$ cat data-v5.txt   # compact mmCIF, N, CA and C atoms
# COMPACT_ATOMS: atom_id res chain seq x y z
N MET K 1 11.99 2.47 10.49
CA MET K 1 10.74 2.12 9.84
C MET K 1 10.76 0.62 9.57
N SER K 2 9.62 -0.02 9.74
CA SER K 2 9.51 -1.46 9.49
C SER K 2 9.38 -1.74 8.00
N ALA K 3 9.85 -2.90 7.61
CA ALA K 3 9.75 -3.33 6.22
C ALA K 3 8.31 -3.75 5.92
N PRO K 4 7.88 -3.61 4.67
CA PRO K 4 6.53 -4.07 4.32
C PRO K 4 6.43 -5.58 4.51
N VAL K 5 5.25 -6.03 4.87
CA VAL K 5 5.05 -7.46 5.12
C VAL K 5 3.70 -7.89 4.54
N PHE K 6 3.69 -9.06 3.91
CA PHE K 6 2.45 -9.60 3.37
C PHE K 6 1.79 -10.46 4.43
N ASP K 7 0.53 -10.14 4.76
CA ASP K 7 -0.25 -10.88 5.74
C ASP K 7 -1.14 -11.88 5.01
N LEU K 8 -0.77 -13.14 5.09
CA LEU K 8 -1.49 -14.20 4.37
C LEU K 8 -2.95 -14.29 4.78
N ALA K 9 -3.24 -14.13 6.07
CA ALA K 9 -4.61 -14.27 6.56
C ALA K 9 -5.55 -13.24 5.94
N SER K 10 -5.09 -12.00 5.80
CA SER K 10 -5.94 -10.95 5.23
C SER K 10 -5.75 -10.79 3.73
N GLY K 11 -4.67 -11.35 3.18
CA GLY K 11 -4.39 -11.20 1.76
C GLY K 11 -3.96 -9.78 1.40
N ALA K 12 -3.35 -9.09 2.36
CA ALA K 12 -2.97 -7.70 2.13
C ALA K 12 -1.52 -7.46 2.52
N LEU K 13 -0.91 -6.54 1.83
CA LEU K 13 0.43 -6.08 2.16
C LEU K 13 0.27 -4.92 3.13
N ARG K 14 0.98 -4.99 4.25
CA ARG K 14 0.96 -3.92 5.24
C ARG K 14 2.30 -3.18 5.16
N PHE K 15 2.21 -1.84 5.16
CA PHE K 15 3.42 -1.03 5.01
C PHE K 15 3.20 0.32 5.68
N TRP K 16 4.27 1.10 5.80
CA TRP K 16 4.23 2.38 6.47
C TRP K 16 4.78 3.44 5.53
N VAL K 17 4.15 4.61 5.58
CA VAL K 17 4.52 5.70 4.67
C VAL K 17 4.88 6.94 5.48
N LEU K 18 6.05 7.50 5.21
CA LEU K 18 6.47 8.73 5.85
C LEU K 18 5.64 9.89 5.31
N GLN K 19 5.05 10.64 6.22
CA GLN K 19 4.21 11.77 5.85
C GLN K 19 5.02 13.06 5.84
N PRO K 20 4.48 14.12 5.24
CA PRO K 20 5.21 15.40 5.19
C PRO K 20 5.60 15.94 6.58
N ASP K 21 4.82 15.59 7.62
CA ASP K 21 5.15 16.06 8.97
C ASP K 21 6.10 15.12 9.70
N GLU K 22 6.70 14.17 8.95
CA GLU K 22 7.70 13.22 9.47
C GLU K 22 7.11 12.10 10.33
N THR K 23 5.78 11.96 10.38
CA THR K 23 5.17 10.83 11.07
C THR K 23 5.01 9.67 10.10
N LEU K 24 4.88 8.47 10.65
CA LEU K 24 4.63 7.28 9.83
C LEU K 24 3.16 6.93 9.88
N MET K 25 2.59 6.61 8.73
CA MET K 25 1.19 6.23 8.63
C MET K 25 1.11 4.79 8.15
N GLY K 26 0.42 3.95 8.90
CA GLY K 26 0.22 2.57 8.49
C GLY K 26 -0.79 2.49 7.36
N ALA K 27 -0.52 1.59 6.43
CA ALA K 27 -1.42 1.43 5.28
C ALA K 27 -1.39 -0.02 4.81
N SER K 28 -2.35 -0.36 3.98
CA SER K 28 -2.37 -1.70 3.40
C SER K 28 -2.95 -1.64 2.00
N ILE K 29 -2.61 -2.66 1.23
CA ILE K 29 -3.12 -2.79 -0.13
C ILE K 29 -3.32 -4.28 -0.38
N SER K 30 -4.45 -4.65 -0.94
CA SER K 30 -4.77 -6.06 -1.13
C SER K 30 -3.97 -6.66 -2.29
N LYS K 31 -3.82 -7.96 -2.25
CA LYS K 31 -3.14 -8.66 -3.35
C LYS K 31 -3.90 -8.46 -4.65
N GLU K 32 -5.22 -8.33 -4.57
CA GLU K 32 -6.01 -8.10 -5.78
C GLU K 32 -5.71 -6.73 -6.38
N THR K 33 -5.61 -5.71 -5.54
CA THR K 33 -5.29 -4.38 -6.04
C THR K 33 -3.89 -4.35 -6.63
N LEU K 34 -2.94 -5.01 -5.97
CA LEU K 34 -1.59 -5.11 -6.54
C LEU K 34 -1.62 -5.80 -7.89
N HIS K 35 -2.44 -6.84 -8.02
CA HIS K 35 -2.54 -7.57 -9.28
C HIS K 35 -3.15 -6.69 -10.38
N TYR K 36 -4.30 -6.09 -10.10
CA TYR K 36 -5.00 -5.34 -11.14
C TYR K 36 -4.31 -4.02 -11.51
N CYS K 37 -3.65 -3.39 -10.56
CA CYS K 37 -3.01 -2.10 -10.85
C CYS K 37 -1.57 -2.23 -11.32
N PHE K 38 -0.88 -3.31 -10.88
CA PHE K 38 0.55 -3.41 -11.15
C PHE K 38 0.99 -4.76 -11.71
N LYS K 39 0.03 -5.59 -12.07
CA LYS K 39 0.33 -6.93 -12.63
C LYS K 39 1.08 -7.82 -11.64
N GLY K 40 0.78 -7.64 -10.34
CA GLY K 40 1.38 -8.51 -9.33
C GLY K 40 0.77 -9.91 -9.39
N ASP K 41 1.41 -10.85 -8.70
CA ASP K 41 0.88 -12.21 -8.65
C ASP K 41 -0.50 -12.21 -8.01
N ARG K 42 -1.42 -13.00 -8.57
CA ARG K 42 -2.78 -13.08 -8.02
C ARG K 42 -2.80 -13.61 -6.59
N ASN K 43 -1.87 -14.47 -6.26
CA ASN K 43 -1.86 -15.09 -4.93
C ASN K 43 -1.04 -14.29 -3.92
N GLY K 44 -0.41 -13.22 -4.32
CA GLY K 44 0.35 -12.36 -3.42
C GLY K 44 1.76 -12.83 -3.13
N ASP K 45 2.22 -13.86 -3.86
CA ASP K 45 3.55 -14.40 -3.60
C ASP K 45 4.67 -13.35 -3.69
N ASN K 46 4.52 -12.39 -4.58
CA ASN K 46 5.56 -11.37 -4.72
C ASN K 46 5.02 -9.98 -4.37
N ALA K 47 4.16 -9.93 -3.36
CA ALA K 47 3.53 -8.65 -2.99
C ALA K 47 4.56 -7.61 -2.59
N VAL K 48 5.56 -8.01 -1.82
CA VAL K 48 6.59 -7.06 -1.39
C VAL K 48 7.37 -6.53 -2.60
N GLY K 49 7.72 -7.41 -3.53
CA GLY K 49 8.43 -7.00 -4.74
C GLY K 49 7.61 -6.06 -5.60
N THR K 50 6.31 -6.35 -5.72
CA THR K 50 5.42 -5.49 -6.51
C THR K 50 5.31 -4.12 -5.85
N TYR K 51 5.18 -4.12 -4.54
CA TYR K 51 5.13 -2.84 -3.81
C TYR K 51 6.43 -2.05 -4.03
N THR K 52 7.56 -2.72 -3.84
CA THR K 52 8.86 -2.05 -3.97
C THR K 52 9.03 -1.44 -5.37
N ALA K 53 8.62 -2.17 -6.39
CA ALA K 53 8.75 -1.69 -7.77
C ALA K 53 7.85 -0.48 -8.06
N ASN K 54 6.78 -0.33 -7.26
CA ASN K 54 5.81 0.74 -7.49
C ASN K 54 5.63 1.62 -6.26
N GLN K 55 6.63 1.64 -5.41
CA GLN K 55 6.51 2.28 -4.11
C GLN K 55 6.15 3.76 -4.18
N LYS K 56 6.76 4.50 -5.06
CA LYS K 56 6.48 5.94 -5.13
C LYS K 56 5.00 6.18 -5.44
N ARG K 57 4.47 5.49 -6.40
CA ARG K 57 3.06 5.68 -6.78
C ARG K 57 2.12 5.26 -5.65
N ILE K 58 2.44 4.15 -4.98
CA ILE K 58 1.59 3.66 -3.90
C ILE K 58 1.68 4.59 -2.69
N ASP K 59 2.89 4.98 -2.31
CA ASP K 59 3.06 5.88 -1.17
C ASP K 59 2.41 7.23 -1.43
N ASP K 60 2.52 7.74 -2.64
CA ASP K 60 1.88 9.01 -2.99
C ASP K 60 0.36 8.90 -2.84
N ALA K 61 -0.21 7.75 -3.19
CA ALA K 61 -1.65 7.55 -3.04
C ALA K 61 -2.05 7.58 -1.56
N VAL K 62 -1.22 6.99 -0.71
CA VAL K 62 -1.49 7.05 0.73
C VAL K 62 -1.44 8.50 1.21
N ARG K 63 -0.44 9.25 0.79
CA ARG K 63 -0.33 10.65 1.20
C ARG K 63 -1.53 11.47 0.75
N ARG K 64 -2.02 11.21 -0.46
CA ARG K 64 -3.23 11.91 -0.95
C ARG K 64 -4.42 11.59 -0.07
N ARG K 65 -4.59 10.30 0.26
CA ARG K 65 -5.71 9.90 1.11
C ARG K 65 -5.63 10.57 2.48
N VAL K 66 -4.44 10.62 3.06
CA VAL K 66 -4.26 11.26 4.37
C VAL K 66 -4.56 12.76 4.27
N ALA K 67 -4.08 13.40 3.22
CA ALA K 67 -4.34 14.83 3.02
C ALA K 67 -5.84 15.11 2.88
N ASN K 68 -6.59 14.11 2.41
CA ASN K 68 -8.04 14.26 2.26
C ASN K 68 -8.81 13.77 3.47
N GLY K 69 -8.10 13.47 4.57
CA GLY K 69 -8.78 13.15 5.81
C GLY K 69 -8.79 11.71 6.25
N SER K 70 -8.20 10.79 5.50
CA SER K 70 -8.17 9.39 5.92
C SER K 70 -7.33 9.24 7.17
N ILE K 71 -7.73 8.30 8.02
CA ILE K 71 -6.97 8.02 9.23
C ILE K 71 -6.38 6.62 9.14
N GLU K 72 -5.44 6.36 10.02
CA GLU K 72 -4.73 5.09 10.03
C GLU K 72 -5.63 3.96 10.50
N PRO K 73 -5.53 2.81 9.90
CA PRO K 73 -4.70 2.45 8.75
C PRO K 73 -5.42 2.79 7.44
N VAL K 74 -4.68 3.27 6.48
CA VAL K 74 -5.22 3.63 5.17
C VAL K 74 -5.27 2.37 4.32
N LEU K 75 -6.44 2.04 3.82
CA LEU K 75 -6.60 0.89 2.93
C LEU K 75 -6.73 1.41 1.50
N LEU K 76 -5.71 1.13 0.68
CA LEU K 76 -5.75 1.59 -0.71
C LEU K 76 -6.65 0.69 -1.55
N ARG K 77 -7.35 1.32 -2.46
CA ARG K 77 -8.21 0.61 -3.41
C ARG K 77 -7.76 0.97 -4.82
N GLU K 78 -8.27 0.25 -5.79
CA GLU K 78 -7.89 0.50 -7.19
C GLU K 78 -8.11 1.95 -7.57
N ARG K 79 -9.23 2.51 -7.16
CA ARG K 79 -9.55 3.90 -7.55
C ARG K 79 -8.54 4.91 -7.01
N ASP K 80 -7.84 4.57 -5.92
CA ASP K 80 -6.82 5.46 -5.38
C ASP K 80 -5.59 5.52 -6.26
N LEU K 81 -5.42 4.55 -7.14
CA LEU K 81 -4.22 4.41 -7.95
C LEU K 81 -4.43 4.70 -9.43
N THR K 82 -5.63 5.12 -9.79
CA THR K 82 -5.90 5.42 -11.20
C THR K 82 -5.87 6.89 -11.46
$ encode --input "data-v5.txt" --output "structure tokens"
Amino acid sequence: MSAPVFDLASGALRFWVLQPDETLMGASISKETLHYCFKGDRNGDNAVGTYTANQKRIDDAVRRRVANGSIEPVLLRERDLT
């Protein structure tokens, strides 16, 4: 599995989540969502660290979205994490 990476051009962290069927699903979360939901840096400087510290909650949100029919890539929003 690839490590999460912050894409400066889009302002989003891109990452992959292992699904119950053992497949990987690509997903992303914006620096703004990381900031508002997890107190991450506004500029995304520590996006990977913020993701790592909250990985279970973020990955679970991706799995919920996929279970409800979302397809790759899953873009998480604030409402997915509340």
$ atom_distance --input "data-v5.txt" --atom1 "atom C of Phe6 (chain K)" --atom2 "CA of Leu75 (chain K)"
14.2 Å
$ atom_distance --input "data-v5.txt" --atom1 "atom C of Thr50 (chain K)" --atom2 "atom N of Gly26 (chain K)"
17.5 Å
$ atom_distance --input "data-v5.txt" --atom1 "CA of His35 (chain K)" --atom2 "CA of Thr23 (chain K)"
28.5 Å
$ closest_residue --input "data-v5.txt" --among "K:Thr82, K:Gly69, K:Arg14, K:Lys31" --to "Asn43 (chain K)" --atoms "all atoms listed in the file"
K:Lys31
$ closest_residue --input "data-v5.txt" --among "K:Thr52, K:Ser2, K:Asn68, K:Asn46" --to "Leu18 (chain K)" --atoms "only C-alpha atoms"
K:Ser2
$ closest_residue --input "data-v5.txt" --among "K:Leu8, K:Cys37, K:Ala3, K:Leu81" --to "Arg63 (chain K)" --atoms "only C-alpha atoms"
K:Leu81
$ closest_residue --input "data-v5.txt" --among "K:Gln55, K:Glu78, K:Ala61, K:Phe15" --to "Glu32 (chain K)" --atoms "all atoms listed in the file"
K:Glu78
$ residues_around --input "data-v5.txt" --residues "Pro73 (chain K)" --least-positions-apart "6" --cutoff "8 Å" --atoms "only C-alpha atoms" --output "NGL selection string"
:K and (25-28)
$ select_by_dssp --input "data-v5.txt" --residues "region 2-77 of chain K" --states "alpha helix (DSSP H)" --output "PyMOL selection string"
chain K and resi 31-38+47-53+55-67
$ residues_around --input "data-v5.txt" --residues "region 58-60 of chain K" --least-positions-apart "6" --cutoff "8 Å" --atoms "only N, CA and C atoms" --output "number ranges by chain"
K: 16-18, 51, 66, 80-81
